Amino acid sequence: MNCENSVVVTGAIHLPKGDMVGRNRHGTYLKFAVKQMTVGYDGVERPSFLPVRVFDTALQEWLRAKGHGDTVRVSGTLRSSTGSGEMFILADSLENAAI
């Protein structure tokens, strides 16, 4: 079965506490989250944090030049981590965005 898992999300960069660097069998990546404020079914606004992994070295350098709270548009694919099953966005492109 071939599924389309493309995503485009916009929000604020939320940097993790501690190390941004992760490693797996595919290589070294930077991790961060896209923070979006969403309104729940109960009408209460709360933050959602969408985890992102960046393997491309040029995109890693772009991300390192940004700061916590800067706006970003992430294009990529939704993936599941081998082992833990944690869902994340595998970034294909990062760009400045206006919210």
# chains A, B, ... in the order shown; residues from 1 in each chain; ligands from 1

$ closest_atom_pairs --of "region 64-98 of chain A" --to "region 26-45 of chain A" --cutoff "12 Å" --atoms "only C-alpha atoms" --output "Markdown table"
| residue | atom | partner | partner_atom | distance |
| --- | --- | --- | --- | --- |
| A:Arg64 | CA | A:Leu30 | CA | 9.1 |
| A:Lys66 | CA | A:Phe32 | CA | 11.4 |
| A:Gly67 | CA | A:Phe32 | CA | 10.9 |
| A:His68 | CA | A:Phe32 | CA | 9.6 |
| A:Gly69 | CA | A:Lys35 | CA | 8.5 |
| A:Asp70 | CA | A:Val34 | CA | 9.9 |
| A:Thr71 | CA | A:Val34 | CA | 8.6 |
| A:Val72 | CA | A:Val34 | CA | 7.7 |
| A:Arg73 | CA | A:Val34 | CA | 8.8 |
| A:Val74 | CA | A:Val34 | CA | 8.4 |
| A:Ser75 | CA | A:Val34 | CA | 11.6 |
| A:Ser81 | CA | A:His26 | CA | 11.3 |
| A:Thr82 | CA | A:His26 | CA | 10.8 |
| A:Met87 | CA | A:Ala33 | CA | 11.8 |
| A:Phe88 | CA | A:Ala33 | CA | 9.1 |
| A:Ile89 | CA | A:Ala33 | CA | 9.2 |
| A:Leu90 | CA | A:Lys31 | CA | 9.7 |
| A:Ala91 | CA | A:Lys31 | CA | 10.0 |
| A:Leu94 | CA | A:Val34 | CA | 11.3 |
| A:Ala97 | CA | A:Val34 | CA | 11.9 |

$ residues_around --residues "Asp92 (chain A)" --least-positions-apart "5" --cutoff "12 Å" --atoms "only C-alpha atoms" --output "MDAnalysis selection string"
chainID A and resid 6:9 52:60 73:78

$ write_last_selection --atoms "C-alpha atoms" --output "JSON list (two decimals), in the first residue's frame"
[["chain", "number", "residue", "atom", "x", "y", "z"],
["A", 6, "SER", "CA", 2.94, 14.96, 3.15],
["A", 7, "VAL", "CA", 2.45, 17.75, 5.66],
["A", 8, "VAL", "CA", 2.96, 21.51, 5.77],
["A", 9, "VAL", "CA", 2.75, 23.21, 9.16],
["A", 52, "VAL", "CA", 10.25, 17.72, 13.80],
["A", 53, "ARG", "CA", 13.52, 16.03, 12.80],
["A", 54, "VAL", "CA", 15.98, 17.64, 10.37],
["A", 55, "PHE", "CA", 18.61, 15.40, 8.73],
["A", 56, "ASP", "CA", 19.68, 17.70, 5.85],
["A", 57, "THR", "CA", 22.86, 19.60, 6.85],
["A", 58, "ALA", "CA", 21.88, 22.82, 5.01],
["A", 59, "LEU", "CA", 18.52, 22.86, 6.82],
["A", 60, "GLN", "CA", 20.31, 22.16, 10.12],
["A", 73, "ARG", "CA", 6.95, 26.82, 7.82],
["A", 74, "VAL", "CA", 7.91, 23.15, 7.71],
["A", 75, "SER", "CA", 7.22, 20.92, 4.71],
["A", 76, "GLY", "CA", 7.88, 17.22, 5.00],
["A", 77, "THR", "CA", 6.43, 13.81, 5.66],
["A", 78, "LEU", "CA", 4.81, 12.33, 8.71]]

$ atom_distance --atom1 "CA of Pro16 (chain A)" --atom2 "CA of Glu4 (chain A)"
28.5 Å
